[in-house]
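This is model_26.txt. It holds compact mmCIF, C-alpha atoms.
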```
# COMPACT_ATOMS: atom_id res chain seq x y z
CA MET A 15 -29.73 41.54 -20.80
CA THR A 16 -26.76 42.11 -18.49
CA ASN A 17 -24.83 39.68 -16.33
CA GLN A 18 -24.91 41.93 -13.25
CA ALA A 19 -26.71 41.05 -10.03
CA PRO A 20 -29.81 43.10 -9.22
CA ASN A 21 -29.24 46.07 -6.91
CA ASN A 22 -30.89 44.33 -3.96
CA ALA A 23 -28.94 41.05 -4.38
CA ARG A 24 -26.06 40.44 -2.02
CA VAL A 25 -22.86 39.28 -3.76
CA ILE A 26 -20.60 37.15 -1.60
CA PRO A 27 -17.11 36.55 -2.95
CA LEU A 28 -16.09 32.91 -3.11
CA ARG A 29 -13.15 31.84 -1.00
CA PRO A 30 -11.50 28.46 -1.05
CA ALA A 31 -12.71 26.26 1.79
CA PRO A 32 -10.15 25.70 4.52
CA ALA A 33 -8.45 22.32 4.38
CA SER A 34 -10.17 19.81 6.60
CA PRO A 35 -7.81 17.94 8.96
CA ALA A 36 -9.56 14.69 8.04
CA ARG A 37 -8.77 15.18 4.35
CA VAL A 38 -5.09 16.07 4.71
CA PRO A 39 -3.14 13.12 6.09
CA ALA A 40 -0.28 13.98 8.42
CA THR A 41 1.88 11.36 6.71
CA ARG A 42 1.43 9.22 3.64
CA GLU A 43 -0.05 5.79 4.28
CA PRO A 44 2.20 2.99 3.01
CA LEU A 45 1.02 1.16 -0.07
CA TRP A 46 0.25 -2.54 0.27
CA ARG A 47 2.33 -3.33 -2.82
CA ASP A 48 5.37 -1.68 -1.21
CA LEU A 49 4.93 -3.67 2.01
CA VAL A 50 4.48 -6.99 0.20
CA GLY A 51 7.42 -6.28 -2.10
CA ASP A 52 9.65 -5.45 0.88
CA VAL A 53 8.71 -8.73 2.56
CA LEU A 54 9.44 -10.73 -0.60
CA ARG A 55 12.80 -9.06 -1.11
CA ARG A 56 13.86 -9.42 2.54
CA GLU A 57 12.96 -13.11 2.54
CA ARG A 58 14.77 -13.73 -0.75
CA LEU A 59 17.90 -11.98 0.49
CA ALA A 60 17.73 -13.77 3.86
CA GLN A 61 17.78 -17.05 1.94
CA GLU A 62 20.70 -15.74 -0.16
CA ARG A 63 18.81 -16.49 -3.36
CA THR A 64 18.96 -14.62 -6.62
CA LEU A 65 16.06 -12.90 -8.29
CA LYS A 66 16.43 -15.30 -11.21
CA ASP A 67 16.32 -18.36 -8.95
CA VAL A 68 13.10 -17.27 -7.23
CA ALA A 69 11.48 -16.08 -10.46
CA ASP A 70 12.23 -19.41 -12.13
CA ALA A 71 10.87 -21.37 -9.16
CA ALA A 72 7.71 -19.21 -9.16
CA ARG A 73 7.39 -19.46 -12.95
CA ILE A 74 7.20 -15.67 -13.35
CA SER A 75 9.54 -13.42 -15.27
CA MET A 76 12.56 -12.01 -13.48
CA PRO A 77 11.78 -8.39 -14.49
CA TYR A 78 8.21 -8.77 -13.22
CA LEU A 79 9.34 -10.19 -9.87
CA SER A 80 11.82 -7.33 -9.59
CA GLU A 81 9.05 -4.80 -10.14
CA VAL A 82 6.84 -6.54 -7.57
CA GLU A 83 9.66 -6.46 -5.03
CA ARG A 84 10.18 -2.74 -5.67
CA GLY A 85 6.46 -2.02 -5.29
CA ARG A 86 6.06 -0.90 -8.88
CA LYS A 87 3.52 -3.57 -9.83
CA GLU A 88 0.29 -4.68 -8.13
CA ALA A 89 0.70 -8.43 -8.29
CA SER A 90 -2.28 -10.74 -8.49
CA SER A 91 -2.94 -13.18 -5.68
CA GLU A 92 -1.75 -15.98 -7.97
CA VAL A 93 1.60 -14.27 -8.55
CA LEU A 94 2.00 -13.49 -4.85
CA ALA A 95 1.18 -17.08 -3.93
CA ALA A 96 3.70 -18.41 -6.47
CA ALA A 97 6.45 -16.06 -5.26
CA ALA A 98 5.71 -16.92 -1.63
CA GLN A 99 5.73 -20.65 -2.39
CA ALA A 100 9.04 -20.32 -4.23
CA LEU A 101 10.43 -18.84 -1.00
CA GLY A 102 8.93 -21.63 1.12
CA LEU A 103 6.13 -19.45 2.47
CA GLY A 104 2.39 -19.75 2.21
CA LEU A 105 0.33 -16.85 0.94
CA GLY A 106 -0.97 -16.38 4.49
CA ASP A 107 2.61 -16.13 5.79
CA LEU A 108 3.42 -13.45 3.23
CA LEU A 109 0.30 -11.44 4.02
CA SER A 110 0.82 -11.82 7.76
CA ARG A 111 4.36 -10.50 7.47
CA ALA A 112 3.19 -7.60 5.33
CA HIS A 113 0.49 -6.86 7.91
CA SER A 114 3.08 -6.90 10.70
CA GLU A 115 5.17 -4.46 8.70
CA LEU A 116 2.13 -2.22 8.21
CA VAL A 117 1.48 -2.24 11.97
CA ARG A 118 5.13 -1.44 12.63
CA VAL A 119 5.21 1.43 10.15
CA THR A 120 1.91 2.95 11.23
CA GLY A 121 2.14 2.00 14.91
CA ALA A 122 3.02 5.52 16.03
CA ARG A 123 -0.22 6.77 14.49
CA ALA A 124 -2.40 3.89 15.72
CA GLY A 125 -5.68 5.13 17.09
CA THR A 126 -5.15 8.65 15.74
CA SER A 127 -6.10 8.18 12.10
CA ARG A 128 -9.39 6.43 12.83
CA GLY A 129 -11.71 6.49 15.73
CA THR A 130 -10.84 3.97 18.40
CA SER A 131 -13.61 1.64 19.36
CA GLY A 132 -11.88 0.33 22.44
CA SER A 133 -11.32 -3.03 20.76
CA ALA A 134 -7.99 -4.69 21.40
CA HIS A 135 -8.22 -6.54 18.06
CA THR A 136 -5.19 -5.86 15.89
CA GLY A 137 -5.72 -8.59 13.30
CA MET A 138 -6.35 -8.17 9.61
CA CYS A 139 -9.74 -8.79 8.07
CA LEU A 140 -10.13 -9.35 4.36
CA ALA A 141 -13.59 -9.31 2.84
CA ALA A 142 -14.51 -10.91 -0.43
```
Could you write out this file's structure as C-alpha cells?
Amino acid sequence: MTNQAPNNARVIPLRPAPASPARVPATREPLWRDLVGDVLRRERLAQERTLKDVADAARISMPYLSEVERGRKEASSEVLAAAAQALGLGLGDLLSRAHSELVRVTGARAGTSRGTSGSAHTGMCLAA
C-alpha cells in the first residue's frame, strides 16, 4: 500500500493561518502582581519606611515582601492584607489604588481591546 493520494483526489498544501488581530495584542497587558507591587513600594517609600520595617510589621519575610513589590511573586490575599495593614491601608485601599493604576496604564486603549457596551461604569468587579 502506498501513501500517495488517489489520482482523482485534490491535494491542497497547508499554509499557516494568518494571525488574527484579536489574538495578537497590540501591547502587553500589565500583570496584576506588578501593579499591586508598584503600589506597595510607592506607599512604603512615600512613608520613608524600610523594607525590613514593613516586613516585620506585616509578619512576612523581607525577601518575600521584596519579591512581591517587584512583581515576582503572586501574593495571597492574606499577605496583601498584612502588607497593606502594615502601611496603614486596608486591602480595599490597596486594590483600589492598583485598579486606578491599571486604568491609568491602559487608559489609552480603553474601549479598543473589548467591545464597548455604552456603559459609563469604570469600577472593578471581583467575583468569588
Using all atoms listed in the file: which of A:Leu101, A:Arg111, A:Leu49, A:Ser90 has the shortest distance to A:Arg63: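 Ranking A:Leu101, A:Arg111, A:Leu49, A:Ser90 by distance to A:Arg63, first place goes to A:Leu101.
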Close residues, A:Ala97 itself excluded, 12 Å, all atoms listed in the file, min 5 positions apart in chain, as a count of residues only: 34
Distance of atom CA of A:Arg56 from atom CA of A:Val93, expressed in Å to one decimal place: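 Computed distance, atom CA of A:Val93 to atom CA of A:Arg56, equals 17.2 Å.
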Separation of atom CA of A:Gly106 from atom CA of A:Trp46, in Å and rounded to one decimal: 14.5 Å
Please, what is the axis-aligned box for every listed atom of stretch 57-60 of chain A with 5 Å on each side, as centre and edge lengths in Å to one decimal, as JSON?
```
{"center_x": 15.4, "center_y": -12.9, "center_z": 1.6, "size_x": 14.9, "size_y": 11.8, "size_z": 14.6}
```
Straight-line distance linking atom CA of A:Arg118 with atom CA of A:Glu43, stated in Å to one decimal: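 Atom CA of A:Glu43 lies 12.2 Å from atom CA of A:Arg118.
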